[in-house]
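Data from structure-v1.cif: mmCIF, C-alpha atoms and all ligand atoms
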```cif
data_final
#
loop_
_atom_site.label_atom_id
_atom_site.label_comp_id
_atom_site.auth_asym_id
_atom_site.auth_seq_id
_atom_site.Cartn_x
_atom_site.Cartn_y
_atom_site.Cartn_z
CA MET A 102 3.54 -18.57 -50.43
CA ILE A 103 6.07 -16.72 -48.38
CA ARG A 104 4.76 -13.50 -49.86
CA LEU A 105 1.21 -14.41 -48.94
CA GLN A 106 2.19 -15.28 -45.38
CA GLY A 107 3.97 -11.97 -45.15
CA ARG A 108 0.84 -10.15 -46.21
CA MET A 109 -1.33 -12.11 -43.83
CA ALA A 110 1.08 -11.35 -41.00
CA ALA A 111 1.00 -7.68 -41.91
CA ALA A 112 -2.80 -7.74 -41.96
CA ALA A 113 -2.89 -9.45 -38.57
CA VAL A 114 -0.51 -6.89 -37.13
CA ALA A 115 -2.62 -4.05 -38.53
CA LEU A 116 -5.76 -5.64 -37.12
CA GLY A 117 -4.09 -6.16 -33.79
CA VAL A 118 -3.16 -2.51 -33.59
CA VAL A 119 -6.72 -1.47 -34.34
CA LEU A 120 -8.14 -3.82 -31.75
CA PHE A 121 -5.61 -2.65 -29.22
CA SER A 122 -6.49 0.99 -29.77
CA ALA A 123 -10.19 0.26 -29.45
CA CYS A 124 -9.87 -1.93 -26.38
CA VAL A 125 -7.08 -0.45 -24.30
CA PRO A 126 -8.21 -0.93 -20.73
CA ALA A 127 -8.39 2.35 -18.85
CA GLY A 128 -6.78 0.82 -15.78
CA ALA A 129 -3.20 0.91 -14.59
CA GLN A 130 -0.55 0.73 -17.28
CA ARG A 131 3.09 -0.05 -16.84
CA VAL A 132 6.28 0.95 -18.61
CA GLY A 133 9.58 -0.19 -17.15
CA ASP A 134 9.53 0.74 -13.47
CA LEU A 135 6.65 3.17 -13.89
CA ARG A 136 2.96 2.56 -13.25
CA ILE A 137 0.39 4.89 -14.75
CA GLU A 138 -2.74 4.88 -12.59
CA ASP A 139 -6.24 6.21 -13.16
CA PRO A 140 -5.63 8.23 -16.33
CA TRP A 141 -8.62 10.40 -17.24
CA VAL A 142 -9.54 13.49 -19.19
CA ARG A 143 -12.46 15.81 -18.73
CA ALA A 144 -15.29 15.72 -21.26
CA THR A 145 -15.63 18.74 -23.56
CA PRO A 146 -18.77 20.51 -24.62
CA PRO A 147 -18.99 20.84 -28.44
CA GLY A 148 -16.59 23.51 -29.68
CA ALA A 149 -14.49 23.61 -26.51
CA GLY A 150 -10.88 24.37 -27.36
CA VAL A 151 -9.16 22.92 -24.33
CA THR A 152 -9.53 20.39 -21.55
CA GLY A 153 -7.51 18.82 -18.75
CA GLY A 154 -5.89 15.40 -18.40
CA PHE A 155 -4.96 13.68 -15.14
CA MET A 156 -3.16 10.57 -13.85
CA THR A 157 -0.84 9.29 -11.17
CA VAL A 158 2.65 8.12 -12.11
CA ARG A 159 4.31 5.80 -9.61
CA ASN A 160 8.03 5.03 -9.87
CA THR A 161 8.71 1.60 -8.33
CA GLY A 162 12.33 1.58 -9.48
CA ALA A 163 15.63 2.84 -8.09
CA LYS A 164 16.23 5.57 -10.68
CA ASP A 165 14.63 8.97 -10.94
CA ASP A 166 12.69 9.51 -14.13
CA ARG A 167 10.92 12.40 -15.78
CA LEU A 168 7.75 12.87 -17.80
CA VAL A 169 9.14 14.75 -20.77
CA SER A 170 6.16 15.23 -23.05
CA VAL A 171 2.77 13.91 -24.12
CA THR A 172 1.31 13.70 -27.59
CA SER A 173 -2.07 12.53 -28.89
CA ALA A 174 -3.62 12.22 -32.32
CA ALA A 175 -6.92 13.24 -30.70
CA VAL A 176 -5.81 16.84 -30.10
CA ALA A 177 -3.67 19.54 -31.69
CA ARG A 178 -1.18 19.53 -28.81
CA VAL A 179 -0.64 18.61 -25.18
CA GLU A 180 1.24 20.65 -22.59
CA ILE A 181 2.28 19.82 -19.04
CA HIS A 182 0.94 22.45 -16.63
CA GLU A 183 1.13 23.37 -13.00
CA MET A 184 -1.55 25.21 -11.07
CA ARG A 185 -0.86 26.84 -7.76
CA HIS A 186 -1.82 29.62 -5.41
CA GLU A 187 0.08 32.84 -5.92
CA ASP A 188 -0.89 36.06 -4.20
CA GLY A 189 -4.27 34.58 -3.33
CA MET A 190 -5.02 33.59 -6.92
CA MET A 191 -4.85 30.30 -8.76
CA ARG A 192 -2.31 30.61 -11.52
CA MET A 193 -1.29 28.16 -14.16
CA ARG A 194 2.00 27.83 -15.94
CA ARG A 195 3.45 25.55 -18.53
CA ILE A 196 6.25 23.26 -17.41
CA ASP A 197 8.77 22.95 -20.19
CA ALA A 198 11.41 21.05 -18.25
CA GLY A 199 9.11 18.07 -17.67
CA LEU A 200 7.84 16.57 -14.44
CA PRO A 201 10.30 14.64 -12.25
CA VAL A 202 9.13 11.23 -11.00
CA LYS A 203 11.57 10.38 -8.25
CA ALA A 204 12.65 6.82 -7.48
CA GLY A 205 10.24 5.16 -5.07
CA ALA A 206 7.82 8.09 -5.26
CA LYS A 207 4.74 9.08 -7.19
CA ILE A 208 3.56 12.22 -8.84
CA GLU A 209 -0.11 13.08 -9.10
CA LEU A 210 -1.63 15.05 -11.92
CA ALA A 211 -4.95 16.15 -10.49
CA PRO A 212 -7.39 19.06 -10.69
CA GLY A 213 -5.88 22.05 -8.91
CA GLY A 214 -2.27 20.87 -9.29
CA TYR A 215 -0.15 19.42 -12.04
CA HIS A 216 -2.19 18.51 -15.09
CA LEU A 217 -2.03 17.90 -18.80
CA MET A 218 -3.58 20.58 -20.96
CA LEU A 219 -5.07 19.21 -24.15
CA PHE A 220 -5.55 21.87 -26.80
CA GLY A 221 -7.75 21.57 -29.86
CA PRO A 222 -9.70 18.30 -29.53
CA LYS A 223 -10.42 17.03 -33.07
CA GLN A 224 -13.86 15.96 -31.88
CA PRO A 225 -15.70 16.40 -28.57
CA PHE A 226 -14.61 14.11 -25.74
CA VAL A 227 -17.72 12.28 -24.59
CA GLU A 228 -18.02 10.70 -21.16
CA GLY A 229 -17.13 7.01 -21.33
CA ASP A 230 -14.90 7.36 -24.40
CA VAL A 231 -11.20 6.67 -24.29
CA VAL A 232 -8.57 9.14 -25.51
CA VAL A 233 -5.24 7.54 -26.34
CA ALA A 234 -2.07 9.54 -25.80
CA THR A 235 1.62 8.72 -25.76
CA ALA A 236 3.69 9.83 -22.79
CA ARG A 237 7.44 10.05 -23.18
CA PHE A 238 9.59 9.42 -20.12
CA GLU A 239 13.28 10.24 -20.06
CA LYS A 240 14.37 6.75 -18.94
CA ALA A 241 11.35 4.45 -19.28
CA GLY A 242 10.66 5.61 -22.82
CA ASN A 243 7.26 5.88 -24.51
CA VAL A 244 4.02 4.47 -23.18
CA GLU A 245 0.59 4.58 -24.77
CA ILE A 246 -1.98 5.61 -22.19
CA ALA A 247 -5.75 5.23 -22.43
CA PHE A 248 -7.39 8.20 -20.72
CA ARG A 249 -11.01 7.56 -19.76
CA VAL A 250 -13.28 10.52 -20.47
CA ARG A 251 -15.18 11.62 -17.37
CA GLY A 252 -18.10 14.03 -17.08
CA LEU A 253 -17.69 17.78 -16.99
CA GLY A 254 -18.41 17.92 -13.29
CA ALA A 255 -15.80 15.33 -12.30
CA LYS A 256 -13.59 16.70 -9.50
CA ARG A 257 -13.89 20.29 -10.64
CA GLU A 258 -10.78 22.36 -10.54
CA ALA A 259 -10.53 25.07 -7.95
CA GLY A 260 -10.18 28.52 -9.45
CA HIS A 261 -10.14 29.00 -13.16
CA HIS A 262 -7.90 28.57 -16.13
CA GLY A 263 -6.33 31.48 -17.88
CA HIS A 264 -7.17 29.79 -21.18
CU CU A 301 -3.54 24.12 -17.73
#
```

Rewrite the structure of this file - the entire thing - as structure tokens.
Ligand SMILES: [Cu+2]
Amino acid sequence: MIRLQGRMAAAAVALGVVLFSACVPAGAQRVGDLRIEDPWVRATPPGAGVTGGFMTVRNTGAKDDRLVSVTSAAVARVEIHEMRHEDGMMRMRRIDAGLPVKAGAKIELAPGGYHLMLFGPKQPFVEGDVVVATARFEKAGNVEIAFRVRGLGAKREAGHHGH
């Protein structure tokens, strides 16, 4: 009987995880003192090798934090990038040290500025879908984020990517 209950509990947990993944609301998400707002990724045409991810991270706490890395089973890898004007051109670079999220402040990942670069989508991102990724923060820890897929034309980036 105990064994059976154990199995049923395990099944319920497994089911719960599946339901959670399928139904994660694409609204604000919270981890510790951090709020993740409006996470979204750009849709990809079939065969596209890369796309951008965006969100706002708000730190409501008293300690500085840092977005260290992002991973997702939906893509081969995710990098944190910065885009900025240099010598009259838009240039992009990878940020390996992570993105600081200062106490009481927010950091915006948006077209034309900081962004996530998602390489190698395992299948095309279609508008309206949700792409789940895990962000790791230095102090707040890991948080699963549901990025809503928006159309190709959504807030187009100024300039163009080097990749
Ligand atoms: Cu980039």

Residues near Lys164 of chain A, cut-off 12 Å, only C-alpha atoms, skip fewer than 6 positions along chain, as a list of chain:residue names: A:Gly133, A:Asp134, A:Leu135, A:Pro201, A:Val202, A:Lys203, A:Ala204, A:Gly205, A:Ala206, A:Glu239, A:Lys240, A:Ala241

Please find the residues contacting ligand CU 301 (chain A) at a distance of at most 10 Å between atoms, with all atoms listed in the file counted, and report them as an NGL selection string. :A and (151-154 or 179-184 or 192-196 or 212-220 or 261-264)

State, in Å with one decimal place, the distance from atom CA of Val244 of chain A to atom CA of Thr172 of chain A. 10.6 Å

Which of these, A:Gly189, A:Gly221, A:Gly199, A:Gly229, has the shortest distance to Gly252 of chain A once you count only C-alpha atoms? A:Gly229

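Take the candidates A:Pro225, A:Ile137, A:Ala255, A:Arg249 and check each one against Leu168 of chain A using all atoms listed in the file; the shortest distance goes to A:Ile137.
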
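Atom CA of Phe238 of chain A sits 26.4 Å away from atom CA of Gly150 of chain A.
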
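Minimum distance to Val233 of chain A across A:Ala175, A:Asp197, A:Leu253, A:Met191 (counting all atoms listed in the file) occurs at A:Ala175.
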
Using only C-alpha atoms, which residues sit within 12 Å of Gln224 of chain A once same-chain residues fewer than 2 positions away are excluded, as a PDB file with C-alpha atoms, in the frame of the given file?
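Final output, saved to result.pdb:
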```pdb
ATOM      1  CA  ALA A 144     -15.290  15.720 -21.260  1.00  0.00           C
ATOM      2  CA  THR A 145     -15.630  18.740 -23.560  1.00  0.00           C
ATOM      3  CA  PRO A 146     -18.770  20.510 -24.620  1.00  0.00           C
ATOM      4  CA  PRO A 147     -18.990  20.840 -28.440  1.00  0.00           C
ATOM      5  CA  GLY A 148     -16.590  23.510 -29.680  1.00  0.00           C
ATOM      6  CA  ALA A 149     -14.490  23.610 -26.510  1.00  0.00           C
ATOM      7  CA  GLY A 150     -10.880  24.370 -27.360  1.00  0.00           C
ATOM      8  CA  VAL A 151      -9.160  22.920 -24.330  1.00  0.00           C
ATOM      9  CA  ALA A 174      -3.620  12.220 -32.320  1.00  0.00           C
ATOM     10  CA  ALA A 175      -6.920  13.240 -30.700  1.00  0.00           C
ATOM     11  CA  VAL A 176      -5.810  16.840 -30.100  1.00  0.00           C
ATOM     12  CA  ALA A 177      -3.670  19.540 -31.690  1.00  0.00           C
ATOM     13  CA  PHE A 220      -5.550  21.870 -26.800  1.00  0.00           C
ATOM     14  CA  GLY A 221      -7.750  21.570 -29.860  1.00  0.00           C
ATOM     15  CA  PRO A 222      -9.700  18.300 -29.530  1.00  0.00           C
ATOM     16  CA  PHE A 226     -14.610  14.110 -25.740  1.00  0.00           C
ATOM     17  CA  VAL A 227     -17.720  12.280 -24.590  1.00  0.00           C
ATOM     18  CA  ASP A 230     -14.900   7.360 -24.400  1.00  0.00           C
ATOM     19  CA  VAL A 232      -8.570   9.140 -25.510  1.00  0.00           C
TER      20      VAL A 232
END
```

Residues proximal to (-0.8, 6.6, -7.6) were defined as those with any atom within 8 Å of that point in the file's coordinates, counting all atoms listed in the file. Which are they, as a list in words? Arg136, Ile137, Glu138, Asp139, Met156, Thr157, Val158, Arg159, Lys207, Ile208 and Glu209 of chain A

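You can rank A:Phe155, A:Phe248, A:Arg167, A:Thr161 by their closest distance to Arg131 of chain A using all atoms listed in the file, and at the top of that list sits A:Thr161.
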
Since the input lacks atoms, please generate N, CA, C and O atoms for segment 173-199 of chain A and provide them as an mmCIF file, in the frame of the given file.
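Here's the written file result_1.cif:
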```
data_model
loop_
_atom_site.group_PDB
_atom_site.id
_atom_site.type_symbol
_atom_site.label_atom_id
_atom_site.label_comp_id
_atom_site.auth_asym_id
_atom_site.auth_seq_id
_atom_site.Cartn_x
_atom_site.Cartn_y
_atom_site.Cartn_z
ATOM 1 N N SER A 173 -0.861 13.313 -28.601
ATOM 2 C CA SER A 173 -2.070 12.530 -28.890
ATOM 3 C C SER A 173 -2.618 12.938 -30.240
ATOM 4 O O SER A 173 -2.688 14.141 -30.550
ATOM 5 N N ALA A 174 -3.012 11.945 -31.013
ATOM 6 C CA ALA A 174 -3.620 12.220 -32.320
ATOM 7 C C ALA A 174 -5.005 12.819 -32.162
ATOM 8 O O ALA A 174 -5.577 13.339 -33.109
ATOM 9 N N ALA A 175 -5.555 12.763 -30.939
ATOM 10 C CA ALA A 175 -6.920 13.240 -30.700
ATOM 11 C C ALA A 175 -6.990 14.755 -30.511
ATOM 12 O O ALA A 175 -8.072 15.330 -30.501
ATOM 13 N N VAL A 176 -5.833 15.384 -30.332
ATOM 14 C CA VAL A 176 -5.810 16.840 -30.100
ATOM 15 C C VAL A 176 -4.680 17.488 -30.902
ATOM 16 O O VAL A 176 -3.786 16.805 -31.403
ATOM 17 N N ALA A 177 -4.718 18.816 -30.961
ATOM 18 C CA ALA A 177 -3.670 19.540 -31.690
ATOM 19 C C ALA A 177 -2.350 19.466 -30.929
ATOM 20 O O ALA A 177 -1.293 19.241 -31.511
ATOM 21 N N ARG A 178 -2.403 19.676 -29.590
ATOM 22 C CA ARG A 178 -1.180 19.530 -28.810
ATOM 23 C C ARG A 178 -1.484 19.364 -27.326
ATOM 24 O O ARG A 178 -2.575 19.705 -26.864
ATOM 25 N N VAL A 179 -0.505 18.830 -26.620
ATOM 26 C CA VAL A 179 -0.640 18.610 -25.180
ATOM 27 C C VAL A 179 0.517 19.314 -24.473
ATOM 28 O O VAL A 179 1.663 19.211 -24.911
ATOM 29 N N GLU A 180 0.195 20.019 -23.407
ATOM 30 C CA GLU A 180 1.240 20.650 -22.590
ATOM 31 C C GLU A 180 1.145 20.123 -21.162
ATOM 32 O O GLU A 180 0.074 19.719 -20.709
ATOM 33 N N ILE A 181 2.264 20.168 -20.464
ATOM 34 C CA ILE A 181 2.280 19.820 -19.040
ATOM 35 C C ILE A 181 2.179 21.131 -18.268
ATOM 36 O O ILE A 181 2.961 22.054 -18.509
ATOM 37 N N HIS A 182 1.196 21.210 -17.364
ATOM 38 C CA HIS A 182 0.940 22.450 -16.630
ATOM 39 C C HIS A 182 1.002 22.244 -15.125
ATOM 40 O O HIS A 182 0.818 21.141 -14.629
ATOM 41 N N GLU A 183 1.214 23.356 -14.457
ATOM 42 C CA GLU A 183 1.130 23.370 -13.000
ATOM 43 C C GLU A 183 0.178 24.475 -12.600
ATOM 44 O O GLU A 183 0.180 25.560 -13.184
ATOM 45 N N MET A 184 -0.666 24.185 -11.592
ATOM 46 C CA MET A 184 -1.550 25.210 -11.070
ATOM 47 C C MET A 184 -1.237 25.393 -9.600
ATOM 48 O O MET A 184 -1.078 24.423 -8.873
ATOM 49 N N ARG A 185 -1.117 26.622 -9.182
ATOM 50 C CA ARG A 185 -0.860 26.840 -7.760
ATOM 51 C C ARG A 185 -1.321 28.216 -7.309
ATOM 52 O O ARG A 185 -1.536 29.115 -8.122
ATOM 53 N N HIS A 186 -1.425 28.340 -5.992
ATOM 54 C CA HIS A 186 -1.820 29.620 -5.410
ATOM 55 C C HIS A 186 -0.648 30.592 -5.479
ATOM 56 O O HIS A 186 0.473 30.244 -5.121
ATOM 57 N N GLU A 187 -0.927 31.786 -5.934
ATOM 58 C CA GLU A 187 0.080 32.840 -5.920
ATOM 59 C C GLU A 187 -0.636 34.129 -5.630
ATOM 60 O O GLU A 187 -1.556 34.508 -6.349
ATOM 61 N N ASP A 188 -0.243 34.803 -4.567
ATOM 62 C CA ASP A 188 -0.890 36.060 -4.200
ATOM 63 C C ASP A 188 -2.403 35.902 -4.107
ATOM 64 O O ASP A 188 -3.153 36.760 -4.560
ATOM 65 N N GLY A 189 -2.838 34.787 -3.536
ATOM 66 C CA GLY A 189 -4.270 34.580 -3.330
ATOM 67 C C GLY A 189 -5.039 34.201 -4.583
ATOM 68 O O GLY A 189 -6.260 34.105 -4.561
ATOM 69 N N MET A 190 -4.340 33.986 -5.685
ATOM 70 C CA MET A 190 -5.020 33.590 -6.920
ATOM 71 C C MET A 190 -4.482 32.252 -7.407
ATOM 72 O O MET A 190 -3.333 31.917 -7.155
ATOM 73 N N MET A 191 -5.321 31.520 -8.129
ATOM 74 C CA MET A 191 -4.850 30.300 -8.760
ATOM 75 C C MET A 191 -4.219 30.694 -10.094
ATOM 76 O O MET A 191 -4.853 31.317 -10.934
ATOM 77 N N ARG A 192 -2.985 30.323 -10.259
ATOM 78 C CA ARG A 192 -2.310 30.610 -11.520
ATOM 79 C C ARG A 192 -1.825 29.323 -12.143
ATOM 80 O O ARG A 192 -1.523 28.366 -11.449
ATOM 81 N N MET A 193 -1.720 29.349 -13.453
ATOM 82 C CA MET A 193 -1.290 28.160 -14.160
ATOM 83 C C MET A 193 -0.081 28.502 -15.015
ATOM 84 O O MET A 193 -0.004 29.566 -15.592
ATOM 85 N N ARG A 194 0.859 27.593 -15.046
ATOM 86 C CA ARG A 194 2.000 27.830 -15.940
ATOM 87 C C ARG A 194 2.401 26.532 -16.622
ATOM 88 O O ARG A 194 2.171 25.436 -16.103
ATOM 89 N N ARG A 195 2.989 26.693 -17.760
ATOM 90 C CA ARG A 195 3.450 25.550 -18.530
ATOM 91 C C ARG A 195 4.799 25.099 -17.968
ATOM 92 O O ARG A 195 5.620 25.931 -17.603
ATOM 93 N N ILE A 196 4.983 23.786 -17.881
ATOM 94 C CA ILE A 196 6.250 23.260 -17.410
ATOM 95 C C ILE A 196 6.999 22.680 -18.596
ATOM 96 O O ILE A 196 6.625 21.654 -19.145
ATOM 97 N N ASP A 197 8.037 23.388 -19.000
ATOM 98 C CA ASP A 197 8.770 22.950 -20.190
ATOM 99 C C ASP A 197 9.861 21.941 -19.868
ATOM 100 O O ASP A 197 10.299 21.200 -20.736
ATOM 101 N N ALA A 198 10.298 21.928 -18.622
ATOM 102 C CA ALA A 198 11.410 21.050 -18.250
ATOM 103 C C ALA A 198 10.933 19.627 -17.932
ATOM 104 O O ALA A 198 11.737 18.756 -17.636
ATOM 105 N N GLY A 199 9.638 19.395 -17.990
ATOM 106 C CA GLY A 199 9.110 18.070 -17.670
ATOM 107 C C GLY A 199 8.869 17.913 -16.179
ATOM 108 O O GLY A 199 9.268 18.749 -15.371
#
```
